[in-house]
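This is start_22.cif. It holds mmCIF, C-alpha atoms.
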data_input
#
loop_
_atom_site.group_PDB
_atom_site.id
_atom_site.type_symbol
_atom_site.label_atom_id
_atom_site.label_comp_id
_atom_site.auth_asym_id
_atom_site.auth_seq_id
_atom_site.Cartn_x
_atom_site.Cartn_y
_atom_site.Cartn_z
ATOM 1 C CA MET A 1 -109.241 -73.537 -107.333
ATOM 2 C CA PRO A 2 -106.147 -73.535 -109.570
ATOM 3 C CA ASN A 3 -103.803 -76.471 -109.906
ATOM 4 C CA ARG A 4 -100.811 -75.963 -107.578
ATOM 5 C CA VAL A 5 -98.546 -78.988 -108.125
ATOM 6 C CA VAL A 6 -97.311 -80.709 -111.278
ATOM 7 C CA LEU A 7 -94.903 -83.622 -111.323
ATOM 8 C CA ASN A 8 -94.089 -85.024 -114.752
ATOM 9 C CA SER A 9 -91.174 -85.889 -117.008
ATOM 10 C CA SER A 10 -90.205 -82.215 -116.988
ATOM 11 C CA GLY A 11 -89.790 -82.193 -113.216
ATOM 12 C CA LEU A 12 -91.609 -80.796 -110.216
ATOM 13 C CA LYS A 13 -93.180 -77.357 -110.073
ATOM 14 C CA ILE A 14 -95.333 -75.785 -107.383
ATOM 15 C CA SER A 15 -97.087 -72.486 -107.957
ATOM 16 C CA GLN A 16 -97.794 -69.671 -105.528
ATOM 17 C CA PRO A 17 -101.312 -69.535 -104.071
ATOM 18 C CA GLY A 18 -103.798 -68.303 -106.645
ATOM 19 C CA PHE A 19 -101.697 -69.220 -109.680
ATOM 20 C CA ASN A 20 -102.272 -72.235 -111.929
ATOM 21 C CA VAL A 21 -99.032 -74.199 -112.037
ATOM 22 C CA LEU A 22 -99.801 -75.287 -115.609
ATOM 23 C CA THR A 23 -99.723 -71.691 -116.866
ATOM 24 C CA ALA A 24 -97.637 -69.878 -114.248
ATOM 25 C CA ASN A 25 -94.397 -68.179 -115.203
ATOM 26 C CA ASN A 26 -91.232 -68.697 -113.190
ATOM 27 C CA ALA A 27 -91.871 -65.641 -111.007
ATOM 28 C CA GLN A 28 -95.155 -67.222 -109.894
ATOM 29 C CA LEU A 29 -93.605 -70.449 -108.659
ATOM 30 C CA GLN A 30 -92.802 -71.393 -105.075
ATOM 31 C CA PHE A 31 -90.512 -74.183 -106.180
ATOM 32 C CA SER A 32 -89.042 -75.448 -109.454
ATOM 33 C CA SER A 33 -86.822 -78.445 -109.987
ATOM 34 C CA ASP A 34 -85.186 -76.495 -112.843
ATOM 35 C CA TRP A 35 -83.158 -74.724 -110.182
ATOM 36 C CA SER A 36 -80.888 -75.873 -107.387
ATOM 37 C CA ALA A 37 -81.949 -75.699 -103.760
ATOM 38 C CA MET A 38 -79.687 -73.955 -101.273
ATOM 39 C CA GLY A 39 -79.398 -74.799 -97.619
ATOM 40 C CA VAL A 40 -77.238 -74.340 -94.545
ATOM 41 C CA VAL A 41 -74.674 -77.118 -94.362
ATOM 42 C CA GLN A 42 -72.659 -75.745 -91.431
ATOM 43 C CA SER A 43 -73.000 -73.101 -88.752
ATOM 44 C CA GLY A 44 -71.164 -72.059 -85.616
ATOM 45 C CA THR A 45 -69.364 -69.299 -83.783
ATOM 46 C CA TYR A 46 -65.752 -68.146 -83.852
ATOM 47 C CA ASP A 47 -64.070 -65.884 -81.325
ATOM 48 C CA LEU A 48 -60.768 -64.090 -81.847
ATOM 49 C CA THR A 49 -59.450 -64.663 -78.337
ATOM 50 C CA SER A 50 -55.807 -65.602 -78.933
ATOM 51 C CA TRP A 51 -53.485 -62.843 -80.043
ATOM 52 C CA SER A 52 -49.747 -62.760 -80.648
ATOM 53 C CA VAL A 53 -48.804 -59.444 -79.024
ATOM 54 C CA SER A 54 -45.676 -57.420 -79.643
ATOM 55 C CA THR A 55 -44.904 -53.955 -78.308
ATOM 56 C CA SER A 56 -47.667 -52.004 -80.008
ATOM 57 C CA THR A 57 -49.299 -54.485 -82.385
ATOM 58 C CA ALA A 58 -51.060 -57.842 -82.143
ATOM 59 C CA LEU A 59 -51.931 -60.471 -84.713
ATOM 60 C CA HIS A 60 -54.447 -63.331 -84.834
ATOM 61 C CA SER A 61 -54.499 -66.198 -87.297
ATOM 62 C CA GLY A 62 -57.040 -69.008 -87.190
ATOM 63 C CA THR A 63 -58.965 -71.498 -89.286
ATOM 64 C CA ILE A 64 -62.521 -72.783 -89.341
ATOM 65 C CA PRO A 65 -62.568 -76.279 -90.926
ATOM 66 C CA LEU A 66 -65.436 -76.892 -93.339
ATOM 67 C CA VAL A 67 -67.503 -80.039 -92.902
ATOM 68 C CA LYS A 68 -66.845 -81.057 -96.494
ATOM 69 C CA THR A 69 -64.593 -80.225 -99.432
ATOM 70 C CA PHE A 70 -66.353 -77.897 -101.849
ATOM 71 C CA SER A 71 -65.604 -77.652 -105.565
ATOM 72 C CA THR A 72 -65.637 -73.854 -105.244
ATOM 73 C CA PRO A 73 -65.603 -71.710 -102.080
ATOM 74 C CA PRO A 74 -69.128 -71.800 -100.613
ATOM 75 C CA PHE A 75 -71.369 -68.854 -99.938
ATOM 76 C CA CYS A 76 -71.171 -67.810 -96.289
ATOM 77 C CA VAL A 77 -72.759 -65.225 -94.029
ATOM 78 C CA PHE A 78 -70.954 -63.718 -91.024
ATOM 79 C CA TYR A 79 -72.437 -61.793 -88.118
ATOM 80 C CA LEU A 80 -70.601 -59.851 -85.413
ATOM 81 C CA LEU A 81 -71.894 -60.699 -81.934
ATOM 82 C CA GLN A 82 -71.771 -58.017 -79.277
ATOM 83 C CA GLY A 83 -73.865 -57.253 -76.238
ATOM 84 C CA GLY A 84 -76.687 -59.571 -77.245
ATOM 85 C CA TYR A 85 -76.902 -58.039 -80.716
ATOM 86 C CA GLU A 86 -75.988 -59.603 -84.053
ATOM 87 C CA ALA A 87 -74.696 -57.242 -86.732
ATOM 88 C CA PRO A 88 -74.157 -58.437 -90.295
ATOM 89 C CA LEU A 89 -70.447 -58.373 -91.117
ATOM 90 C CA PHE A 90 -70.514 -59.555 -94.700
ATOM 91 C CA TYR A 91 -71.856 -62.276 -96.960
ATOM 92 C CA GLY A 92 -70.163 -64.117 -99.738
ATOM 93 C CA HIS A 93 -66.759 -65.636 -99.803
ATOM 94 C CA GLY A 94 -65.114 -63.452 -97.236
ATOM 95 C CA GLY A 95 -64.061 -59.876 -97.060
ATOM 96 C CA ALA A 96 -62.154 -57.372 -95.015
ATOM 97 C CA VAL A 97 -63.503 -55.294 -92.182
ATOM 98 C CA MET A 98 -61.441 -52.357 -90.998
ATOM 99 C CA VAL A 99 -62.077 -50.200 -88.004
ATOM 100 C CA ASP A 100 -59.803 -47.243 -87.397
ATOM 101 C CA ARG A 101 -60.629 -46.160 -83.886
ATOM 102 C CA GLY A 102 -58.834 -43.435 -82.153
ATOM 103 C CA ASP A 103 -58.838 -40.246 -80.241
ATOM 104 C CA ASN A 104 -56.273 -37.511 -79.898
ATOM 105 C CA SER A 105 -54.521 -39.167 -76.948
ATOM 106 C CA ASN A 106 -54.571 -42.857 -77.812
ATOM 107 C CA PRO A 107 -54.823 -43.724 -81.508
ATOM 108 C CA SER A 108 -55.545 -47.350 -82.348
ATOM 109 C CA ARG A 109 -56.714 -49.343 -85.313
ATOM 110 C CA SER A 110 -57.879 -52.878 -85.975
ATOM 111 C CA ALA A 111 -58.668 -55.002 -88.978
ATOM 112 C CA LEU A 112 -60.300 -58.359 -89.693
ATOM 113 C CA VAL A 113 -59.865 -60.417 -92.871
ATOM 114 C CA ILE A 114 -61.968 -63.536 -93.532
ATOM 115 C CA GLN A 115 -61.299 -65.655 -96.602
ATOM 116 C CA VAL A 116 -63.379 -68.681 -97.592
ATOM 117 C CA GLY A 117 -61.617 -71.603 -99.260
ATOM 118 C CA THR A 118 -62.803 -75.015 -100.391
ATOM 119 C CA THR A 119 -61.805 -76.847 -97.204
ATOM 120 C CA SER A 120 -61.627 -74.137 -94.547
ATOM 121 C CA ILE A 121 -62.264 -70.510 -93.676
ATOM 122 C CA SER A 122 -59.217 -68.391 -92.813
ATOM 123 C CA VAL A 123 -59.611 -65.723 -90.116
ATOM 124 C CA ARG A 124 -56.890 -63.122 -89.573
ATOM 125 C CA GLY A 125 -56.964 -60.103 -87.335
ATOM 126 C CA MET A 126 -54.685 -57.305 -86.211
ATOM 127 C CA TYR A 127 -54.804 -54.330 -83.899
ATOM 128 C CA TYR A 128 -52.429 -51.521 -83.137
ATOM 129 C CA LYS A 129 -52.193 -49.437 -80.031
ATOM 130 C CA ALA A 130 -49.952 -46.436 -79.546
ATOM 131 C CA SER A 131 -49.820 -47.036 -75.820
ATOM 132 C CA SER A 132 -50.830 -49.631 -73.265
ATOM 133 C CA GLY A 133 -54.315 -49.811 -71.827
ATOM 134 C CA VAL A 134 -56.165 -50.113 -75.136
ATOM 135 C CA ALA A 135 -58.643 -52.978 -74.895
ATOM 136 C CA THR A 136 -58.317 -55.907 -77.280
ATOM 137 C CA PRO A 137 -60.842 -55.598 -80.144
ATOM 138 C CA PHE A 138 -64.014 -57.605 -79.549
ATOM 139 C CA TYR A 139 -64.412 -59.918 -82.533
ATOM 140 C CA ASN A 140 -66.927 -62.668 -81.748
ATOM 141 C CA MET A 141 -68.708 -64.002 -84.810
ATOM 142 C CA ARG A 142 -71.520 -66.320 -85.886
ATOM 143 C CA PHE A 143 -71.256 -67.865 -89.331
ATOM 144 C CA PHE A 144 -73.367 -69.917 -91.726
ATOM 145 C CA VAL A 145 -72.074 -71.960 -94.673
ATOM 146 C CA PHE A 146 -74.446 -72.633 -97.575
ATOM 147 C CA ASP A 147 -74.357 -75.414 -100.137
ATOM 148 C CA ASN A 148 -76.267 -76.034 -103.360
ATOM 149 C CA ASN A 149 -76.271 -78.703 -105.992
ATOM 150 C CA LEU A 150 -74.988 -76.664 -108.949
ATOM 151 C CA MET B 151 -91.305 -94.984 -88.870
ATOM 152 C CA VAL B 152 -92.641 -91.483 -89.485
ATOM 153 C CA GLY B 153 -93.907 -90.086 -92.752
ATOM 154 C CA ARG B 154 -91.280 -87.806 -94.344
ATOM 155 C CA VAL B 155 -92.758 -86.538 -97.605
ATOM 156 C CA VAL B 156 -96.110 -85.100 -98.640
ATOM 157 C CA LEU B 157 -96.654 -84.055 -102.241
ATOM 158 C CA GLY B 158 -100.214 -82.876 -102.165
ATOM 159 C CA LEU B 159 -102.493 -81.675 -99.364
ATOM 160 C CA LYS B 160 -101.110 -80.984 -95.878
ATOM 161 C CA GLN B 161 -103.356 -79.336 -93.332
ATOM 162 C CA GLY B 162 -105.473 -77.768 -96.043
ATOM 163 C CA VAL B 163 -102.634 -76.466 -98.235
ATOM 164 C CA TYR B 164 -101.319 -78.053 -101.433
ATOM 165 C CA GLY B 165 -97.562 -78.254 -101.942
ATOM 166 C CA LEU B 166 -94.371 -80.178 -101.250
ATOM 167 C CA PHE B 167 -93.437 -80.875 -97.653
ATOM 168 C CA VAL B 168 -90.361 -82.786 -96.428
ATOM 169 C CA SER B 169 -89.610 -83.316 -92.744
ATOM 170 C CA PRO B 170 -86.298 -83.997 -90.969
ATOM 171 C CA PRO B 171 -85.542 -87.576 -89.913
ATOM 172 C CA GLY B 172 -87.745 -88.673 -87.019
ATOM 173 C CA VAL B 173 -90.384 -85.991 -87.574
ATOM 174 C CA GLU B 174 -93.886 -86.818 -88.847
ATOM 175 C CA VAL B 175 -94.436 -84.552 -91.850
ATOM 176 C CA THR B 176 -98.238 -84.487 -91.690
ATOM 177 C CA THR B 177 -98.318 -82.868 -88.242
ATOM 178 C CA ALA B 178 -95.041 -80.946 -88.031
ATOM 179 C CA PRO B 179 -95.195 -77.140 -88.160
ATOM 180 C CA ASN B 180 -94.057 -75.891 -91.555
ATOM 181 C CA ALA B 181 -91.275 -73.899 -89.892
ATOM 182 C CA ASN B 182 -89.728 -77.203 -88.726
ATOM 183 C CA LEU B 183 -89.607 -78.810 -92.168
ATOM 184 C CA LEU B 184 -86.624 -79.207 -94.461
ATOM 185 C CA ILE B 185 -88.753 -78.155 -97.415
ATOM 186 C CA SER B 186 -92.079 -76.367 -97.356
ATOM 187 C CA THR B 187 -93.581 -74.693 -100.377
ATOM 188 C CA THR B 188 -95.935 -72.542 -98.306
ATOM 189 C CA THR B 189 -93.367 -69.842 -98.971
ATOM 190 C CA LYS B 190 -91.205 -69.232 -101.998
ATOM 191 C CA ASN B 191 -88.129 -71.406 -101.739
ATOM 192 C CA LEU B 192 -84.790 -69.681 -102.186
ATOM 193 C CA GLN B 193 -83.089 -71.458 -105.060
ATOM 194 C CA VAL B 194 -79.979 -70.843 -107.109
ATOM 195 C CA ILE B 195 -80.663 -70.232 -110.805
ATOM 196 C CA ALA B 196 -77.028 -69.834 -111.802
ATOM 197 C CA ARG B 197 -73.631 -69.007 -110.387
ATOM 198 C CA GLY B 198 -70.164 -68.175 -111.662
ATOM 199 C CA SER B 199 -66.859 -66.484 -110.984
ATOM 200 C CA PHE B 200 -64.103 -64.563 -112.728
ATOM 201 C CA THR B 201 -60.774 -62.975 -111.812
ATOM 202 C CA SER B 202 -60.325 -59.232 -111.766
ATOM 203 C CA SER B 203 -58.305 -56.649 -109.858
ATOM 204 C CA GLY B 204 -60.245 -53.723 -111.314
ATOM 205 C CA GLY B 205 -62.567 -52.637 -114.103
ATOM 206 C CA ASN B 206 -65.902 -53.872 -115.464
ATOM 207 C CA ALA B 207 -67.059 -57.362 -116.380
ATOM 208 C CA ASN B 208 -70.298 -58.438 -118.057
ATOM 209 C CA ILE B 209 -72.118 -61.551 -116.889
ATOM 210 C CA SER B 210 -75.306 -63.261 -117.995
ATOM 211 C CA TRP B 211 -77.478 -66.166 -116.925
ATOM 212 C CA PRO B 212 -80.349 -68.239 -118.392
ATOM 213 C CA ALA B 213 -83.493 -66.137 -118.764
ATOM 214 C CA ALA B 214 -85.973 -66.903 -115.993
ATOM 215 C CA GLY B 215 -88.834 -64.732 -117.186
ATOM 216 C CA PHE B 216 -88.268 -62.166 -114.430
ATOM 217 C CA ARG B 217 -85.382 -60.143 -112.983
ATOM 218 C CA PRO B 218 -83.892 -62.299 -110.215
ATOM 219 C CA ARG B 219 -81.798 -61.131 -107.265
ATOM 220 C CA LEU B 220 -78.068 -61.066 -108.035
ATOM 221 C CA LEU B 221 -75.532 -61.525 -105.234
ATOM 222 C CA VAL B 222 -71.958 -60.407 -105.895
ATOM 223 C CA SER B 223 -69.110 -61.303 -103.563
ATOM 224 C CA SER B 224 -65.711 -59.650 -103.769
ATOM 225 C CA GLN B 225 -63.001 -59.149 -101.196
ATOM 226 C CA LEU B 226 -61.631 -56.195 -103.146
ATOM 227 C CA GLY B 227 -64.876 -54.255 -103.410
ATOM 228 C CA ALA B 228 -67.454 -54.565 -106.174
ATOM 229 C CA TYR B 229 -70.856 -53.292 -107.196
ATOM 230 C CA PHE B 230 -73.143 -54.136 -110.091
ATOM 231 C CA THR B 231 -75.944 -52.839 -112.278
ATOM 232 C CA TYR B 232 -78.513 -54.877 -114.181
ATOM 233 C CA THR B 233 -78.276 -54.436 -117.966
ATOM 234 C CA SER B 234 -81.282 -56.685 -118.643
ATOM 235 C CA ASP B 235 -83.372 -59.295 -116.815
ATOM 236 C CA ASN B 236 -80.652 -61.868 -117.463
ATOM 237 C CA SER B 237 -77.427 -59.856 -117.504
ATOM 238 C CA ALA B 238 -75.441 -57.412 -115.420
ATOM 239 C CA THR B 239 -72.188 -55.461 -115.342
ATOM 240 C CA ILE B 240 -69.976 -55.943 -112.290
ATOM 241 C CA SER B 241 -67.501 -53.176 -111.450
ATOM 242 C CA VAL B 242 -64.439 -54.125 -109.394
ATOM 243 C CA SER B 243 -62.169 -51.813 -107.442
ATOM 244 C CA SER B 244 -58.958 -52.627 -105.603
ATOM 245 C CA ILE B 245 -59.687 -49.979 -102.973
ATOM 246 C CA MET B 246 -60.067 -52.537 -100.157
ATOM 247 C CA GLN B 247 -56.546 -53.900 -100.737
ATOM 248 C CA THR B 248 -55.125 -50.385 -100.660
ATOM 249 C CA GLN B 249 -57.026 -49.393 -97.512
ATOM 250 C CA LEU B 250 -56.126 -52.656 -95.809
ATOM 251 C CA GLY B 251 -52.467 -51.937 -96.450
ATOM 252 C CA PHE B 252 -52.739 -48.567 -94.693
ATOM 253 C CA VAL B 253 -54.186 -50.231 -91.578
ATOM 254 C CA TRP B 254 -52.393 -53.596 -91.484
ATOM 255 C CA GLY B 255 -48.998 -52.529 -92.757
ATOM 256 C CA ILE B 256 -47.930 -51.264 -89.367
ATOM 257 C CA ALA B 257 -48.309 -54.757 -87.849
ATOM 258 C CA GLY B 258 -46.580 -56.793 -90.523
ATOM 259 C CA THR B 259 -47.276 -58.211 -93.965
ATOM 260 C CA THR B 260 -50.700 -57.193 -95.224
ATOM 261 C CA PRO B 261 -52.916 -60.139 -96.227
ATOM 262 C CA THR B 262 -53.463 -60.413 -99.965
ATOM 263 C CA LEU B 263 -57.167 -60.266 -100.799
ATOM 264 C CA SER B 264 -58.497 -62.633 -103.418
ATOM 265 C CA THR B 265 -59.103 -61.239 -106.926
ATOM 266 C CA THR B 266 -61.794 -63.831 -107.625
ATOM 267 C CA ILE B 267 -65.262 -62.334 -107.989
ATOM 268 C CA TYR B 268 -68.140 -64.726 -107.237
ATOM 269 C CA TRP B 269 -71.756 -64.193 -108.250
ATOM 270 C CA MET B 270 -75.034 -66.062 -107.701
ATOM 271 C CA VAL B 271 -78.477 -65.541 -109.187
ATOM 272 C CA LEU B 272 -81.311 -66.392 -106.788
ATOM 273 C CA SER B 273 -84.908 -67.276 -107.530
ATOM 274 C CA SER B 274 -86.299 -64.283 -105.601
ATOM 275 C CA ASN B 275 -87.263 -61.114 -107.431
ATOM 276 C CA ALA B 276 -84.614 -58.393 -107.759
#

Entire entry expressed as structure tokens:
Amino acid sequence: MPNRVVLNSSGLKISQPGFNVLTANNAQLQFSSDWSAMGVVQSGTYDLTSWSVSTSTALHSGTIPLVKTFSTPPFCVFYLLQGGYEAPLFYGHGGAVMVDRGDNSNPSRSALVIQVGTTSISVRGMYYKASSGVATPFYNMRFFVFDNNL
Amino acid sequence: MVGRVVLGLKQGVYGLFVSPPGVEVTTAPNANLLISTTTKNLQVIARGSFTSSGGNANISWPAAGFRPRLLVSSQLGAYFTYTSDNSATISVSSIMQTQLGFVWGIAGTTPTLSTTIYWMVLSSNA
């Protein structure tokens, strides 16, 4: 049975099953203290329910406070929640999602912009409707904020 | 007080196991642990950022002995290609800002997307 764990002045290394930790390369390790661990530091949901509506357009602006101040914007993952399903929106430090819906009788368009800062996440949305009766876009999201020790 | 850390043998498997506060590490399911080396832990080998509104940028990171997974995050739109096991070229396009203007402009001032490109190198294979 190969050695699996080594803890010495060089740190802590744990090899994958079947590999000797004393001779394993980095690809054969389960864990190495040479690298930083990453974990979820915050999670939650955010719903775009409040809109400032004018004649044919509406705007949303909101903020998700972060549980701590980061030195650089943290890595985040966003999912769109709809009908019991979760669809990946984007990962990283925010992005823009644009949906240009429409048909020949009632064109509409909507957009969502999420930007991750060091103390909060900014959420902005808009939609346009050429006539009344167009349903408000359904933007309910689940998010995860990651932290590491680098 | 419960045991929180095992560095050694847990339920027949050698590794590192760390439980949440209040949970006995020796009996907790591995899925409930803060750290369990029964699977490869996702760790960050390196990370960085640069500013760009378009064009290519070359990045590199400390050699890990294998080609690790690179994550690139850009609000403008970016893609990358590996140039070696410890380097890559990131290509940035401002197309998202342009497209956003077409959609948002009718409602007011279009948000300005960040030109900062973030990247992370993870300990999983590419």

If you apply the PyMOL selection byres ((chain B) within 9 of (chain A)) to this file, what residues do you get, as a ChimeraX atom specification?
/B:157-158,164-166,187-197,214-218,221-227,246-247,249-250,253-254,256-258,261,263-264,267-269,273-275

Include C-alpha atoms and write out the residues we just selected as a compact mmCIF listing (two decimals), in the frame of the given file.
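To be explicit, this is the file written out as result34.txt:
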# COMPACT_ATOMS: atom_id res chain seq x y z
CA LEU B 157 -96.65 -84.06 -102.24
CA GLY B 158 -100.21 -82.88 -102.16
CA TYR B 164 -101.32 -78.05 -101.43
CA GLY B 165 -97.56 -78.25 -101.94
CA LEU B 166 -94.37 -80.18 -101.25
CA THR B 187 -93.58 -74.69 -100.38
CA THR B 188 -95.94 -72.54 -98.31
CA THR B 189 -93.37 -69.84 -98.97
CA LYS B 190 -91.20 -69.23 -102.00
CA ASN B 191 -88.13 -71.41 -101.74
CA LEU B 192 -84.79 -69.68 -102.19
CA GLN B 193 -83.09 -71.46 -105.06
CA VAL B 194 -79.98 -70.84 -107.11
CA ILE B 195 -80.66 -70.23 -110.80
CA ALA B 196 -77.03 -69.83 -111.80
CA ARG B 197 -73.63 -69.01 -110.39
CA ALA B 214 -85.97 -66.90 -115.99
CA GLY B 215 -88.83 -64.73 -117.19
CA PHE B 216 -88.27 -62.17 -114.43
CA ARG B 217 -85.38 -60.14 -112.98
CA PRO B 218 -83.89 -62.30 -110.22
CA LEU B 221 -75.53 -61.52 -105.23
CA VAL B 222 -71.96 -60.41 -105.90
CA SER B 223 -69.11 -61.30 -103.56
CA SER B 224 -65.71 -59.65 -103.77
CA GLN B 225 -63.00 -59.15 -101.20
CA LEU B 226 -61.63 -56.20 -103.15
CA GLY B 227 -64.88 -54.26 -103.41
CA MET B 246 -60.07 -52.54 -100.16
CA GLN B 247 -56.55 -53.90 -100.74
CA GLN B 249 -57.03 -49.39 -97.51
CA LEU B 250 -56.13 -52.66 -95.81
CA VAL B 253 -54.19 -50.23 -91.58
CA TRP B 254 -52.39 -53.60 -91.48
CA ILE B 256 -47.93 -51.26 -89.37
CA ALA B 257 -48.31 -54.76 -87.85
CA GLY B 258 -46.58 -56.79 -90.52
CA PRO B 261 -52.92 -60.14 -96.23
CA LEU B 263 -57.17 -60.27 -100.80
CA SER B 264 -58.50 -62.63 -103.42
CA ILE B 267 -65.26 -62.33 -107.99
CA TYR B 268 -68.14 -64.73 -107.24
CA TRP B 269 -71.76 -64.19 -108.25
CA SER B 273 -84.91 -67.28 -107.53
CA SER B 274 -86.30 -64.28 -105.60
CA ASN B 275 -87.26 -61.11 -107.43

Atom CA of B:Gly204 and atom CA of A:Ser61 are how many Å apart?
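Rounded to one decimal, the two atoms are 27.7 Å apart.
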
Excluding B:Val156 and residues on its chain fewer than 5 positions from it, collect all residues at most 9 Å away from it, counting only C-alpha atoms, and give them as a ChimeraX atom specification.
/B:165-169,175-176

Atom CA of B:Ile245 to atom CA of A:His60, distance in Å rounded to a single decimal
23.1 Å

Take the PyMOL selection byres ((chain B and resi 173) around 12), run it mentally on this structure, and tell me the resulting residues as a list of chain:residue names.
B:Met151, B:Val152, B:Gly153, B:Arg154, B:Val155, B:Phe167, B:Val168, B:Ser169, B:Pro170, B:Pro171, B:Gly172, B:Glu174, B:Val175, B:Thr176, B:Thr177, B:Ala178, B:Pro179, B:Asn180, B:Asn182, B:Leu183, B:Leu184

Can you write out the residues you just picked, keeping C-alpha atoms, as an mmCIF file, keeping the file's coordinate frame?
data_model
loop_
_atom_site.group_PDB
_atom_site.id
_atom_site.type_symbol
_atom_site.label_atom_id
_atom_site.label_comp_id
_atom_site.auth_asym_id
_atom_site.auth_seq_id
_atom_site.Cartn_x
_atom_site.Cartn_y
_atom_site.Cartn_z
ATOM 1 C CA MET B 151 -91.305 -94.984 -88.870
ATOM 2 C CA VAL B 152 -92.641 -91.483 -89.485
ATOM 3 C CA GLY B 153 -93.907 -90.086 -92.752
ATOM 4 C CA ARG B 154 -91.280 -87.806 -94.344
ATOM 5 C CA VAL B 155 -92.758 -86.538 -97.605
ATOM 6 C CA PHE B 167 -93.437 -80.875 -97.653
ATOM 7 C CA VAL B 168 -90.361 -82.786 -96.428
ATOM 8 C CA SER B 169 -89.610 -83.316 -92.744
ATOM 9 C CA PRO B 170 -86.298 -83.997 -90.969
ATOM 10 C CA PRO B 171 -85.542 -87.576 -89.913
ATOM 11 C CA GLY B 172 -87.745 -88.673 -87.019
ATOM 12 C CA GLU B 174 -93.886 -86.818 -88.847
ATOM 13 C CA VAL B 175 -94.436 -84.552 -91.850
ATOM 14 C CA THR B 176 -98.238 -84.487 -91.690
ATOM 15 C CA THR B 177 -98.318 -82.868 -88.242
ATOM 16 C CA ALA B 178 -95.041 -80.946 -88.031
ATOM 17 C CA PRO B 179 -95.195 -77.140 -88.160
ATOM 18 C CA ASN B 180 -94.057 -75.891 -91.555
ATOM 19 C CA ASN B 182 -89.728 -77.203 -88.726
ATOM 20 C CA LEU B 183 -89.607 -78.810 -92.168
ATOM 21 C CA LEU B 184 -86.624 -79.207 -94.461
#

Polymer residues at most 7 Å from B:Tyr229, all atoms listed in the file, same-chain spacing of 6 or more positions, as a PDB file with C-alpha atoms, in the coordinates of the input:
ATOM      1  CA  ILE B 240     -69.976 -55.943-112.290  1.00  0.00           C
ATOM      2  CA  SER B 241     -67.501 -53.176-111.450  1.00  0.00           C
ATOM      3  CA  VAL B 242     -64.439 -54.125-109.394  1.00  0.00           C
TER       4      VAL B 242
END

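We find atom CA of A:Val67 and atom CA of B:Ile185 to be spaced 21.8 Å apart.
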
Output of the PyMOL selection byres ((chain A and resi 87) around 12), listed as a list of chain:residue names:
A:Val77, A:Phe78, A:Tyr79, A:Leu80, A:Leu81, A:Gln82, A:Gly83, A:Gly84, A:Tyr85, A:Glu86, A:Pro88, A:Leu89, A:Phe90, A:Tyr91, A:Tyr139, A:Asn140, A:Met141, A:Arg142, A:Phe143

Write the selection just made, keeping C-alpha atoms, as an mmCIF file, in the frame of the given file?
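To be explicit, this is the file written out as part-v2.cif:
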data_model
loop_
_atom_site.group_PDB
_atom_site.id
_atom_site.type_symbol
_atom_site.label_atom_id
_atom_site.label_comp_id
_atom_site.auth_asym_id
_atom_site.auth_seq_id
_atom_site.Cartn_x
_atom_site.Cartn_y
_atom_site.Cartn_z
ATOM 1 C CA VAL A 77 -72.759 -65.225 -94.029
ATOM 2 C CA PHE A 78 -70.954 -63.718 -91.024
ATOM 3 C CA TYR A 79 -72.437 -61.793 -88.118
ATOM 4 C CA LEU A 80 -70.601 -59.851 -85.413
ATOM 5 C CA LEU A 81 -71.894 -60.699 -81.934
ATOM 6 C CA GLN A 82 -71.771 -58.017 -79.277
ATOM 7 C CA GLY A 83 -73.865 -57.253 -76.238
ATOM 8 C CA GLY A 84 -76.687 -59.571 -77.245
ATOM 9 C CA TYR A 85 -76.902 -58.039 -80.716
ATOM 10 C CA GLU A 86 -75.988 -59.603 -84.053
ATOM 11 C CA PRO A 88 -74.157 -58.437 -90.295
ATOM 12 C CA LEU A 89 -70.447 -58.373 -91.117
ATOM 13 C CA PHE A 90 -70.514 -59.555 -94.700
ATOM 14 C CA TYR A 91 -71.856 -62.276 -96.960
ATOM 15 C CA TYR A 139 -64.412 -59.918 -82.533
ATOM 16 C CA ASN A 140 -66.927 -62.668 -81.748
ATOM 17 C CA MET A 141 -68.708 -64.002 -84.810
ATOM 18 C CA ARG A 142 -71.520 -66.320 -85.886
ATOM 19 C CA PHE A 143 -71.256 -67.865 -89.331
#
